[in-house]
Amino acid sequence: MNEVALPKGLVIGHGGMAQGLVDAVRTIAGSNADALAALSNEGMSPDDLRHAIDGAAVGGPAVVFVDLQAGSCCMAALASCRACGDRVVVTGVNLPMLLDFVFHRDEPFETLVERLVEQGRGAIRPVRVERGQR
Amino acid sequence: MPIVLFRVDERLIHGQVVIGWGHALRPDRYLVVDDELAQSGWEQELYRLGAGEAEVVFRSVRDARASLGDWGALPARTVVLTRDVSSMRRLADGGEMSGRVVNFGGLHAGPGRERVLTYLHLSPADVEDMRALSGAGVKLQARDLPDAPGVDLTEEVLRSP
């Protein structure tokens with residue numbers, strides 16, 4: 001029976017954001033965070049960043065989480081993942097999305113990606129506490 | 001005034017440009033001047049994904065230089081971007097850019113490049129191209145974001161050996 005490789009998660013962001021998110025996942029989910037790697041665009045040329053993504057994502061399916069669709073991280077990720085059927089770029093990364101990823105990597109890849117987007121969106125909401133409520 | 005910014009930034013369309021400068025300048029259009037990208041449909045699509053609602057147009061240096069005056073006369077607010085100094089220098093060859101400021105917003109560390117600012121690293125060839133730009137009447141200024149202090153590069157470039 002062939003084993004299906006679980007997808008890696010690659011988090012790419014501006015400044016220290018990616019490492020901060022991965023650290024937060026580790027704080028909450030422990031060694032499950034090993035499924036994630038962080039990359040920053042700090043001081044990186046577009047080509048350098050793209051090559052770093054190529055190197056980190058090679059060898060199996062990967063979800064590449066980026067912070068901003070208009071950003072250089074996203075551009076490099078899209079260029080790296082072009083024509084790679086088993087790599088998907090997801091923009092607007094947040095902590096709930098990453099936590100969901102590390103606990104559900106065994107789901108079918110396309111289902112997983114849809115699920116992550118849904119979880120990430122669903123976690124953004126206004127929360128109001130009624131006056132007088134404790 | 002329709003060309004609201006000339007910028008050299010190897011990332012071209014990205015967060016600082018679309019959000020930082022875009023918020024301040026409200027461009028209707030990004031004109032990317034680059035011989036290679038002008039021929040690459042898939043890369044053009046990537047850059048368009050990041051530009052929001054603004055139009056993104058790709059031109060070779062030669063085509064852009066020929067129509068720079070026309071672009072400037074249109075009411076649409078245009079940001080002109082190149083990813084290297086050489087393309088901007090060749091764009092200025094016709095004299096259309098005399099009196100304008102070229103913004104240097106991002107050239108990262110690489111072989112043969114020396115650091116000038118955290119976001120600006122220049123090779124000897126870059127410096128030569130900047131001298132040529134200055135000779136064409138173009139002012140050279142480093143500024144990564146609109147609210148950052150601008151650094152006049154003209155004197156520095158002319159002074160360096």
# chains A, B, ... in the order shown; residues from 1 in each chain; ligands from 1
$ residues_around --residues "stretch 6-19 of chain A" --least-positions-apart "3" --cutoff "7 Å" --atoms "only C-alpha atoms" --output "mmCIF file with N, CA and C atoms, in the first residue's frame"
data_model
loop_
_atom_site.group_PDB
_atom_site.id
_atom_site.type_symbol
_atom_site.label_atom_id
_atom_site.label_comp_id
_atom_site.auth_asym_id
_atom_site.auth_seq_id
_atom_site.Cartn_x
_atom_site.Cartn_y
_atom_site.Cartn_z
ATOM 1 N N VAL A 22 4.164 30.895 13.296
ATOM 2 C CA VAL A 22 4.583 29.508 13.535
ATOM 3 C C VAL A 22 4.895 29.310 15.018
ATOM 4 N N ASP A 23 5.519 30.285 15.648
ATOM 5 C CA ASP A 23 5.782 30.200 17.094
ATOM 6 C C ASP A 23 4.467 30.105 17.866
ATOM 7 N N ALA A 35 5.053 20.708 11.194
ATOM 8 C CA ALA A 35 4.554 20.645 9.812
ATOM 9 C C ALA A 35 4.681 21.981 9.096
ATOM 10 N N LEU A 36 5.041 23.017 9.843
ATOM 11 C CA LEU A 36 5.107 24.367 9.269
ATOM 12 C C LEU A 36 6.547 24.870 9.213
ATOM 13 N N ALA A 37 6.838 25.614 8.178
ATOM 14 C CA ALA A 37 8.117 26.323 8.103
ATOM 15 C C ALA A 37 7.813 27.783 7.812
ATOM 16 N N ALA A 38 8.674 28.657 8.309
ATOM 17 C CA ALA A 38 8.443 30.097 8.133
ATOM 18 C C ALA A 38 9.520 30.712 7.259
ATOM 19 N N LEU A 39 9.099 31.644 6.438
ATOM 20 C CA LEU A 39 10.035 32.411 5.606
ATOM 21 C C LEU A 39 9.641 33.883 5.668
ATOM 22 N N SER A 40 10.641 34.751 5.706
ATOM 23 C CA SER A 40 10.382 36.193 5.664
ATOM 24 C C SER A 40 10.932 36.756 4.364
ATOM 25 N N ASN A 41 10.319 37.823 3.902
ATOM 26 C CA ASN A 41 10.849 38.470 2.695
ATOM 27 C C ASN A 41 11.910 39.518 3.036
ATOM 28 N N GLU A 42 12.196 39.653 4.296
ATOM 29 C CA GLU A 42 13.134 40.690 4.765
ATOM 30 C C GLU A 42 14.485 40.568 4.054
ATOM 31 N N GLY A 60 6.836 17.079 -2.412
ATOM 32 C CA GLY A 60 5.513 16.626 -1.986
ATOM 33 C C GLY A 60 4.529 17.767 -1.996
ATOM 34 N N PRO A 61 3.294 17.480 -1.633
ATOM 35 C CA PRO A 61 2.295 18.551 -1.639
ATOM 36 C C PRO A 61 2.604 19.608 -0.585
ATOM 37 N N ALA A 62 2.200 20.829 -0.858
ATOM 38 C CA ALA A 62 2.449 21.918 0.094
ATOM 39 C C ALA A 62 1.356 22.966 -0.020
ATOM 40 N N VAL A 63 0.993 23.511 1.130
ATOM 41 C CA VAL A 63 0.148 24.697 1.157
ATOM 42 C C VAL A 63 1.055 25.863 1.514
ATOM 43 N N VAL A 64 1.076 26.859 0.645
ATOM 44 C CA VAL A 64 1.929 28.020 0.876
ATOM 45 C C VAL A 64 1.038 29.154 1.358
ATOM 46 N N PHE A 65 1.160 29.477 2.623
ATOM 47 C CA PHE A 65 0.340 30.522 3.228
ATOM 48 C C PHE A 65 1.081 31.851 3.111
ATOM 49 N N VAL A 66 0.417 32.870 2.575
ATOM 50 C CA VAL A 66 1.049 34.191 2.501
ATOM 51 C C VAL A 66 0.151 35.216 3.172
ATOM 52 N N ASP A 67 0.769 36.356 3.532
ATOM 53 C CA ASP A 67 0.006 37.336 4.305
ATOM 54 C C ASP A 67 -0.879 38.221 3.438
ATOM 55 N N CYS A 73 5.667 38.576 -1.138
ATOM 56 C CA CYS A 73 5.644 37.167 -0.705
ATOM 57 C C CYS A 73 4.697 36.370 -1.595
ATOM 58 N N ARG A 105 -4.062 17.682 8.274
ATOM 59 C CA ARG A 105 -3.245 17.478 7.069
ATOM 60 C C ARG A 105 -3.553 16.171 6.357
ATOM 61 N N ASP A 106 -4.211 15.260 7.056
ATOM 62 C CA ASP A 106 -4.485 13.959 6.433
ATOM 63 C C ASP A 106 -5.739 13.977 5.567
#
$ interface_residues --of "chain B" --to "chain A" --cutoff "7 Å" --atoms "only C-alpha atoms" --output "list in words"
Arg11, His14, Gly15, Val18, Leu46, Gly50, Ala51 and His108 of chain B
$ residues_around --residues "stretch 124-132 of chain B" --least-positions-apart "4" --cutoff "10 Å" --atoms "only C-alpha atoms" --output "PDB file with C-alpha atoms, in the first residue's frame"
ATOM      1  CA  ASP B  84      16.357  47.747 -12.535  1.00  0.00           C
ATOM      2  CA  VAL B  85      18.227  51.000 -12.976  1.00  0.00           C
ATOM      3  CA  SER B  86      19.227  50.176 -16.525  1.00  0.00           C
ATOM      4  CA  SER B  87      15.636  50.138 -17.787  1.00  0.00           C
ATOM      5  CA  MET B  88      14.909  53.488 -16.122  1.00  0.00           C
ATOM      6  CA  ARG B  89      18.072  54.955 -17.613  1.00  0.00           C
ATOM      7  CA  ARG B  90      17.110  53.791 -21.098  1.00  0.00           C
ATOM      8  CA  ALA B  92      15.116  58.559 -19.854  1.00  0.00           C
ATOM      9  CA  ASP B  93      17.296  58.503 -22.964  1.00  0.00           C
ATOM     10  CA  VAL B 102      13.120  58.939  -9.961  1.00  0.00           C
ATOM     11  CA  GLY B 112      28.699  42.933  -6.685  1.00  0.00           C
ATOM     12  CA  ARG B 113      26.214  45.239  -5.014  1.00  0.00           C
ATOM     13  CA  GLU B 114      27.121  47.550  -2.147  1.00  0.00           C
ATOM     14  CA  ALA B 136      19.672  63.577 -18.424  1.00  0.00           C
ATOM     15  CA  GLY B 137      18.322  66.054 -15.883  1.00  0.00           C
ATOM     16  CA  VAL B 138      16.644  63.489 -13.648  1.00  0.00           C
ATOM     17  CA  LYS B 139      16.727  63.887  -9.877  1.00  0.00           C
ATOM     18  CA  LEU B 140      17.519  60.740  -7.906  1.00  0.00           C
ATOM     19  CA  LEU B 153      21.100  60.306  -4.153  1.00  0.00           C
ATOM     20  CA  THR B 154      22.241  62.673  -6.868  1.00  0.00           C
ATOM     21  CA  GLU B 155      25.163  64.141  -4.926  1.00  0.00           C
ATOM     22  CA  GLU B 156      26.199  60.762  -3.589  1.00  0.00           C
ATOM     23  CA  VAL B 157      26.216  59.136  -6.992  1.00  0.00           C
ATOM     24  CA  LEU B 158      28.127  61.955  -8.597  1.00  0.00           C
ATOM     25  CA  ARG B 159      30.634  61.956  -5.753  1.00  0.00           C
ATOM     26  CA  SER B 160      31.321  58.223  -5.638  1.00  0.00           C
ATOM     27  CA  PRO B 161      34.430  57.004  -7.502  1.00  0.00           C
TER      28      PRO B 161
END
$ select_by_dssp --residues "chain B" --states "strand (DSSP E)" --output "PDB file with N, CA and C atoms, in the first residue's frame"
ATOM      1  N   ILE B   3       1.712  61.383 -14.738  1.00  0.00           N
ATOM      2  CA  ILE B   3       2.670  60.387 -14.245  1.00  0.00           C
ATOM      3  C   ILE B   3       3.066  60.838 -12.845  1.00  0.00           C
ATOM      4  N   VAL B   4       2.554  60.132 -11.849  1.00  0.00           N
ATOM      5  CA  VAL B   4       2.684  60.594 -10.474  1.00  0.00           C
ATOM      6  C   VAL B   4       3.911  60.020  -9.774  1.00  0.00           C
ATOM      7  N   LEU B   5       4.548  59.031 -10.372  1.00  0.00           N
ATOM      8  CA  LEU B   5       5.743  58.457  -9.741  1.00  0.00           C
ATOM      9  C   LEU B   5       6.524  57.640 -10.764  1.00  0.00           C
ATOM     10  N   PHE B   6       7.834  57.872 -10.769  1.00  0.00           N
ATOM     11  CA  PHE B   6       8.760  56.963 -11.461  1.00  0.00           C
ATOM     12  C   PHE B   6       9.513  56.227 -10.352  1.00  0.00           C
ATOM     13  N   ARG B   7       9.494  54.914 -10.387  1.00  0.00           N
ATOM     14  CA  ARG B   7      10.117  54.168  -9.273  1.00  0.00           C
ATOM     15  C   ARG B   7      10.928  52.981  -9.789  1.00  0.00           C
ATOM     16  N   VAL B   8      12.111  52.813  -9.207  1.00  0.00           N
ATOM     17  CA  VAL B   8      12.918  51.615  -9.455  1.00  0.00           C
ATOM     18  C   VAL B   8      12.763  50.710  -8.236  1.00  0.00           C
ATOM     19  N   ASP B   9      12.215  49.532  -8.455  1.00  0.00           N
ATOM     20  CA  ASP B   9      11.978  48.595  -7.348  1.00  0.00           C
ATOM     21  C   ASP B   9      11.940  47.198  -7.950  1.00  0.00           C
ATOM     22  N   ARG B  29      -3.300  53.541 -12.845  1.00  0.00           N
ATOM     23  CA  ARG B  29      -2.583  52.618 -13.724  1.00  0.00           C
ATOM     24  C   ARG B  29      -1.133  52.456 -13.277  1.00  0.00           C
ATOM     25  N   TYR B  30      -0.652  51.227 -13.385  1.00  0.00           N
ATOM     26  CA  TYR B  30       0.778  50.966 -13.224  1.00  0.00           C
ATOM     27  C   TYR B  30       1.329  50.632 -14.602  1.00  0.00           C
ATOM     28  N   LEU B  31       2.348  51.348 -14.986  1.00  0.00           N
ATOM     29  CA  LEU B  31       3.022  51.069 -16.251  1.00  0.00           C
ATOM     30  C   LEU B  31       4.357  50.405 -15.910  1.00  0.00           C
ATOM     31  N   VAL B  32       4.443  49.110 -16.180  1.00  0.00           N
ATOM     32  CA  VAL B  32       5.672  48.358 -15.902  1.00  0.00           C
ATOM     33  C   VAL B  32       6.512  48.353 -17.170  1.00  0.00           C
ATOM     34  N   VAL B  33       7.695  48.909 -17.053  1.00  0.00           N
ATOM     35  CA  VAL B  33       8.580  49.013 -18.217  1.00  0.00           C
ATOM     36  C   VAL B  33       9.687  47.988 -18.076  1.00  0.00           C
ATOM     37  N   GLU B  55      -5.337  49.484 -13.360  1.00  0.00           N
ATOM     38  CA  GLU B  55      -4.916  48.814 -14.594  1.00  0.00           C
ATOM     39  C   GLU B  55      -3.399  48.585 -14.544  1.00  0.00           C
ATOM     40  N   VAL B  56      -2.949  47.496 -15.105  1.00  0.00           N
ATOM     41  CA  VAL B  56      -1.504  47.247 -15.182  1.00  0.00           C
ATOM     42  C   VAL B  56      -1.135  47.034 -16.647  1.00  0.00           C
ATOM     43  N   VAL B  57      -0.206  47.826 -17.107  1.00  0.00           N
ATOM     44  CA  VAL B  57       0.207  47.767 -18.504  1.00  0.00           C
ATOM     45  C   VAL B  57       1.700  47.450 -18.549  1.00  0.00           C
ATOM     46  N   PHE B  58       2.083  46.570 -19.440  1.00  0.00           N
ATOM     47  CA  PHE B  58       3.490  46.184 -19.584  1.00  0.00           C
ATOM     48  C   PHE B  58       3.996  46.661 -20.943  1.00  0.00           C
ATOM     49  N   ARG B  59       5.143  47.304 -20.950  1.00  0.00           N
ATOM     50  CA  ARG B  59       5.732  47.774 -22.200  1.00  0.00           C
ATOM     51  C   ARG B  59       7.243  47.522 -22.183  1.00  0.00           C
ATOM     52  N   THR B  78      -0.711  57.749 -13.435  1.00  0.00           N
ATOM     53  CA  THR B  78       0.105  56.581 -13.763  1.00  0.00           C
ATOM     54  C   THR B  78       1.360  56.518 -12.900  1.00  0.00           C
ATOM     55  N   VAL B  79       1.654  55.340 -12.414  1.00  0.00           N
ATOM     56  CA  VAL B  79       2.924  55.057 -11.733  1.00  0.00           C
ATOM     57  C   VAL B  79       3.772  54.239 -12.696  1.00  0.00           C
ATOM     58  N   VAL B  80       4.982  54.714 -12.967  1.00  0.00           N
ATOM     59  CA  VAL B  80       5.892  54.011 -13.873  1.00  0.00           C
ATOM     60  C   VAL B  80       6.906  53.233 -13.036  1.00  0.00           C
ATOM     61  N   LEU B  81       7.003  51.948 -13.306  1.00  0.00           N
ATOM     62  CA  LEU B  81       7.877  51.071 -12.515  1.00  0.00           C
ATOM     63  C   LEU B  81       8.886  50.359 -13.410  1.00  0.00           C
ATOM     64  N   THR B  82      10.137  50.305 -12.940  1.00  0.00           N
ATOM     65  CA  THR B  82      11.113  49.397 -13.548  1.00  0.00           C
ATOM     66  C   THR B  82      11.740  48.584 -12.420  1.00  0.00           C
ATOM     67  N   VAL B 101      11.659  63.373 -10.904  1.00  0.00           N
ATOM     68  CA  VAL B 101      12.358  62.642  -9.833  1.00  0.00           C
ATOM     69  C   VAL B 101      12.161  61.156 -10.066  1.00  0.00           C
ATOM     70  N   VAL B 102      13.251  60.400  -9.974  1.00  0.00           N
ATOM     71  CA  VAL B 102      13.120  58.939  -9.961  1.00  0.00           C
ATOM     72  C   VAL B 102      13.305  58.462  -8.531  1.00  0.00           C
ATOM     73  N   ASN B 103      12.328  57.725  -8.080  1.00  0.00           N
ATOM     74  CA  ASN B 103      12.318  57.180  -6.724  1.00  0.00           C
ATOM     75  C   ASN B 103      12.983  55.805  -6.720  1.00  0.00           C
ATOM     76  N   PHE B 104      13.942  55.631  -5.815  1.00  0.00           N
ATOM     77  CA  PHE B 104      14.594  54.323  -5.675  1.00  0.00           C
ATOM     78  C   PHE B 104      14.036  53.663  -4.415  1.00  0.00           C
ATOM     79  N   GLY B 105      13.293  52.581  -4.637  1.00  0.00           N
ATOM     80  CA  GLY B 105      12.538  52.022  -3.519  1.00  0.00           C
ATOM     81  C   GLY B 105      12.940  50.636  -3.100  1.00  0.00           C
ATOM     82  N   GLY B 106      13.707  49.928  -3.879  1.00  0.00           N
ATOM     83  CA  GLY B 106      14.059  48.580  -3.448  1.00  0.00           C
ATOM     84  C   GLY B 106      14.958  47.847  -4.413  1.00  0.00           C
ATOM     85  N   GLU B 114      26.770  47.006  -3.460  1.00  0.00           N
ATOM     86  CA  GLU B 114      27.121  47.550  -2.147  1.00  0.00           C
ATOM     87  C   GLU B 114      25.920  48.206  -1.521  1.00  0.00           C
ATOM     88  N   ARG B 115      25.847  48.080  -0.214  1.00  0.00           N
ATOM     89  CA  ARG B 115      24.703  48.648   0.499  1.00  0.00           C
ATOM     90  C   ARG B 115      24.819  50.159   0.594  1.00  0.00           C
ATOM     91  N   VAL B 116      23.760  50.836   0.217  1.00  0.00           N
ATOM     92  CA  VAL B 116      23.668  52.286   0.375  1.00  0.00           C
ATOM     93  C   VAL B 116      22.684  52.593   1.503  1.00  0.00           C
ATOM     94  N   LEU B 117      21.557  51.922   1.484  1.00  0.00           N
ATOM     95  CA  LEU B 117      20.549  52.010   2.547  1.00  0.00           C
ATOM     96  C   LEU B 117      20.041  50.589   2.785  1.00  0.00           C
ATOM     97  N   LEU B 120      18.419  49.571  -0.308  1.00  0.00           N
ATOM     98  CA  LEU B 120      19.040  49.973  -1.573  1.00  0.00           C
ATOM     99  C   LEU B 120      20.493  49.503  -1.638  1.00  0.00           C
ATOM    100  N   HIS B 121      20.767  48.633  -2.603  1.00  0.00           N
ATOM    101  CA  HIS B 121      22.117  48.107  -2.832  1.00  0.00           C
ATOM    102  C   HIS B 121      22.442  48.331  -4.303  1.00  0.00           C
ATOM    103  N   LEU B 122      23.607  48.880  -4.554  1.00  0.00           N
ATOM    104  CA  LEU B 122      23.938  49.284  -5.926  1.00  0.00           C
ATOM    105  C   LEU B 122      25.228  48.629  -6.412  1.00  0.00           C
ATOM    106  N   LYS B 139      16.316  63.875 -11.288  1.00  0.00           N
ATOM    107  CA  LYS B 139      16.727  63.887  -9.877  1.00  0.00           C
ATOM    108  C   LYS B 139      16.569  62.482  -9.303  1.00  0.00           C
ATOM    109  N   LEU B 140      17.500  62.104  -8.446  1.00  0.00           N
ATOM    110  CA  LEU B 140      17.519  60.740  -7.906  1.00  0.00           C
ATOM    111  C   LEU B 140      17.240  60.793  -6.412  1.00  0.00           C
ATOM    112  N   GLN B 141      16.217  60.091  -6.006  1.00  0.00           N
ATOM    113  CA  GLN B 141      15.870  60.122  -4.594  1.00  0.00           C
ATOM    114  C   GLN B 141      15.509  58.731  -4.085  1.00  0.00           C
ATOM    115  N   ALA B 142      16.079  58.338  -2.956  1.00  0.00           N
ATOM    116  CA  ALA B 142      15.695  57.071  -2.325  1.00  0.00           C
ATOM    117  C   ALA B 142      14.587  57.347  -1.322  1.00  0.00           C
ATOM    118  N   VAL B 151      15.938  60.498   0.595  1.00  0.00           N
ATOM    119  CA  VAL B 151      17.393  60.665   0.619  1.00  0.00           C
ATOM    120  C   VAL B 151      17.835  61.045  -0.787  1.00  0.00           C
ATOM    121  N   ASP B 152      18.434  62.234  -0.890  1.00  0.00           N
ATOM    122  CA  ASP B 152      18.897  62.695  -2.202  1.00  0.00           C
ATOM    123  C   ASP B 152      20.115  61.880  -2.610  1.00  0.00           C
TER     124      ASP B 152
END
$ residues_around --residues "A:Arg121" --least-positions-apart "5" --cutoff "12 Å" --atoms "only C-alpha atoms" --output "list in words"
Val90, Thr91, Gly92, Val93, Asn94, Leu95, Pro96, Met97, Glu114, Arg115 and Leu116 of chain A
$ decode --residues "stretch 41-72 of chain A" --atoms "N, CA and C atoms" --output "PDB file, in the first residue's frame"
ATOM      1  N   ASN A  41      10.319  37.823   3.902  1.00  0.00           N
ATOM      2  CA  ASN A  41      10.849  38.470   2.695  1.00  0.00           C
ATOM      3  C   ASN A  41      11.910  39.518   3.036  1.00  0.00           C
ATOM      4  N   GLU A  42      12.196  39.653   4.296  1.00  0.00           N
ATOM      5  CA  GLU A  42      13.134  40.690   4.765  1.00  0.00           C
ATOM      6  C   GLU A  42      14.485  40.568   4.054  1.00  0.00           C
ATOM      7  N   GLY A  43      14.867  41.598   3.362  1.00  0.00           N
ATOM      8  CA  GLY A  43      16.170  41.623   2.709  1.00  0.00           C
ATOM      9  C   GLY A  43      16.308  40.679   1.524  1.00  0.00           C
ATOM     10  N   MET A  44      15.208  40.110   1.086  1.00  0.00           N
ATOM     11  CA  MET A  44      15.261  39.119   0.000  1.00  0.00           C
ATOM     12  C   MET A  44      14.831  39.754  -1.320  1.00  0.00           C
ATOM     13  N   SER A  45      15.597  39.475  -2.356  1.00  0.00           N
ATOM     14  CA  SER A  45      15.159  39.887  -3.688  1.00  0.00           C
ATOM     15  C   SER A  45      14.044  38.934  -4.117  1.00  0.00           C
ATOM     16  N   PRO A  46      13.246  39.314  -5.123  1.00  0.00           N
ATOM     17  CA  PRO A  46      12.193  38.405  -5.590  1.00  0.00           C
ATOM     18  C   PRO A  46      12.731  37.032  -5.986  1.00  0.00           C
ATOM     19  N   ASP A  47      13.873  36.999  -6.654  1.00  0.00           N
ATOM     20  CA  ASP A  47      14.444  35.708  -7.065  1.00  0.00           C
ATOM     21  C   ASP A  47      14.912  34.891  -5.867  1.00  0.00           C
ATOM     22  N   ASP A  48      15.550  35.567  -4.901  1.00  0.00           N
ATOM     23  CA  ASP A  48      16.004  34.861  -3.700  1.00  0.00           C
ATOM     24  C   ASP A  48      14.827  34.217  -2.975  1.00  0.00           C
ATOM     25  N   LEU A  49      13.747  34.982  -2.862  1.00  0.00           N
ATOM     26  CA  LEU A  49      12.580  34.477  -2.139  1.00  0.00           C
ATOM     27  C   LEU A  49      11.948  33.306  -2.882  1.00  0.00           C
ATOM     28  N   ARG A  50      11.876  33.442  -4.164  1.00  0.00           N
ATOM     29  CA  ARG A  50      11.293  32.361  -4.964  1.00  0.00           C
ATOM     30  C   ARG A  50      12.115  31.077  -4.830  1.00  0.00           C
ATOM     31  N   HIS A  51      13.431  31.213  -4.869  1.00  0.00           N
ATOM     32  CA  HIS A  51      14.295  30.028  -4.729  1.00  0.00           C
ATOM     33  C   HIS A  51      14.170  29.417  -3.337  1.00  0.00           C
ATOM     34  N   ALA A  52      14.013  30.273  -2.346  1.00  0.00           N
ATOM     35  CA  ALA A  52      13.834  29.763  -0.976  1.00  0.00           C
ATOM     36  C   ALA A  52      12.528  28.981  -0.870  1.00  0.00           C
ATOM     37  N   ILE A  53      11.495  29.461  -1.526  1.00  0.00           N
ATOM     38  CA  ILE A  53      10.204  28.750  -1.505  1.00  0.00           C
ATOM     39  C   ILE A  53      10.344  27.427  -2.256  1.00  0.00           C
ATOM     40  N   ASP A  54      10.999  27.468  -3.399  1.00  0.00           N
ATOM     41  CA  ASP A  54      11.225  26.231  -4.168  1.00  0.00           C
ATOM     42  C   ASP A  54      11.899  25.186  -3.282  1.00  0.00           C
ATOM     43  N   GLY A  55      12.929  25.622  -2.565  1.00  0.00           N
ATOM     44  CA  GLY A  55      13.690  24.698  -1.738  1.00  0.00           C
ATOM     45  C   GLY A  55      12.874  24.151  -0.584  1.00  0.00           C
ATOM     46  N   ALA A  56      12.053  25.007   0.014  1.00  0.00           N
ATOM     47  CA  ALA A  56      11.298  24.575   1.196  1.00  0.00           C
ATOM     48  C   ALA A  56      10.092  23.726   0.831  1.00  0.00           C
ATOM     49  N   ALA A  57       9.560  23.915  -0.339  1.00  0.00           N
ATOM     50  CA  ALA A  57       8.309  23.233  -0.695  1.00  0.00           C
ATOM     51  C   ALA A  57       8.535  21.968  -1.521  1.00  0.00           C
ATOM     52  N   VAL A  58       9.775  21.715  -1.872  1.00  0.00           N
ATOM     53  CA  VAL A  58      10.056  20.608  -2.778  1.00  0.00           C
ATOM     54  C   VAL A  58       9.750  19.252  -2.119  1.00  0.00           C
ATOM     55  N   GLY A  59       9.352  18.281  -2.938  1.00  0.00           N
ATOM     56  CA  GLY A  59       9.246  16.904  -2.447  1.00  0.00           C
ATOM     57  C   GLY A  59       7.890  16.479  -1.941  1.00  0.00           C
ATOM     58  N   GLY A  60       6.836  17.079  -2.412  1.00  0.00           N
ATOM     59  CA  GLY A  60       5.513  16.626  -1.986  1.00  0.00           C
ATOM     60  C   GLY A  60       4.529  17.767  -1.996  1.00  0.00           C
ATOM     61  N   PRO A  61       3.294  17.480  -1.633  1.00  0.00           N
ATOM     62  CA  PRO A  61       2.295  18.551  -1.639  1.00  0.00           C
ATOM     63  C   PRO A  61       2.604  19.608  -0.585  1.00  0.00           C
ATOM     64  N   ALA A  62       2.200  20.829  -0.858  1.00  0.00           N
ATOM     65  CA  ALA A  62       2.449  21.918   0.094  1.00  0.00           C
ATOM     66  C   ALA A  62       1.356  22.966  -0.020  1.00  0.00           C
ATOM     67  N   VAL A  63       0.993  23.511   1.130  1.00  0.00           N
ATOM     68  CA  VAL A  63       0.148  24.697   1.157  1.00  0.00           C
ATOM     69  C   VAL A  63       1.055  25.863   1.514  1.00  0.00           C
ATOM     70  N   VAL A  64       1.076  26.859   0.645  1.00  0.00           N
ATOM     71  CA  VAL A  64       1.929  28.020   0.876  1.00  0.00           C
ATOM     72  C   VAL A  64       1.038  29.154   1.358  1.00  0.00           C
ATOM     73  N   PHE A  65       1.160  29.477   2.623  1.00  0.00           N
ATOM     74  CA  PHE A  65       0.340  30.522   3.228  1.00  0.00           C
ATOM     75  C   PHE A  65       1.081  31.851   3.111  1.00  0.00           C
ATOM     76  N   VAL A  66       0.417  32.870   2.575  1.00  0.00           N
ATOM     77  CA  VAL A  66       1.049  34.191   2.501  1.00  0.00           C
ATOM     78  C   VAL A  66       0.151  35.216   3.172  1.00  0.00           C
ATOM     79  N   ASP A  67       0.769  36.356   3.532  1.00  0.00           N
ATOM     80  CA  ASP A  67       0.006  37.336   4.305  1.00  0.00           C
ATOM     81  C   ASP A  67      -0.879  38.221   3.438  1.00  0.00           C
ATOM     82  N   LEU A  68      -0.381  38.627   2.293  1.00  0.00           N
ATOM     83  CA  LEU A  68      -1.040  39.710   1.558  1.00  0.00           C
ATOM     84  C   LEU A  68      -1.052  39.392   0.063  1.00  0.00           C
ATOM     85  N   GLN A  69      -2.214  39.445  -0.535  1.00  0.00           N
ATOM     86  CA  GLN A  69      -2.261  39.100  -1.958  1.00  0.00           C
ATOM     87  C   GLN A  69      -1.413  40.048  -2.814  1.00  0.00           C
ATOM     88  N   ALA A  70      -1.378  41.327  -2.418  1.00  0.00           N
ATOM     89  CA  ALA A  70      -0.624  42.295  -3.226  1.00  0.00           C
ATOM     90  C   ALA A  70       0.861  42.275  -2.915  1.00  0.00           C
ATOM     91  N   GLY A  71       1.314  41.419  -2.027  1.00  0.00           N
ATOM     92  CA  GLY A  71       2.685  41.524  -1.551  1.00  0.00           C
ATOM     93  C   GLY A  71       3.708  40.738  -2.347  1.00  0.00           C
ATOM     94  N   SER A  72       4.970  41.055  -2.081  1.00  0.00           N
ATOM     95  CA  SER A  72       6.056  40.365  -2.773  1.00  0.00           C
ATOM     96  C   SER A  72       6.116  38.890  -2.359  1.00  0.00           C
TER      97      SER A  72
END
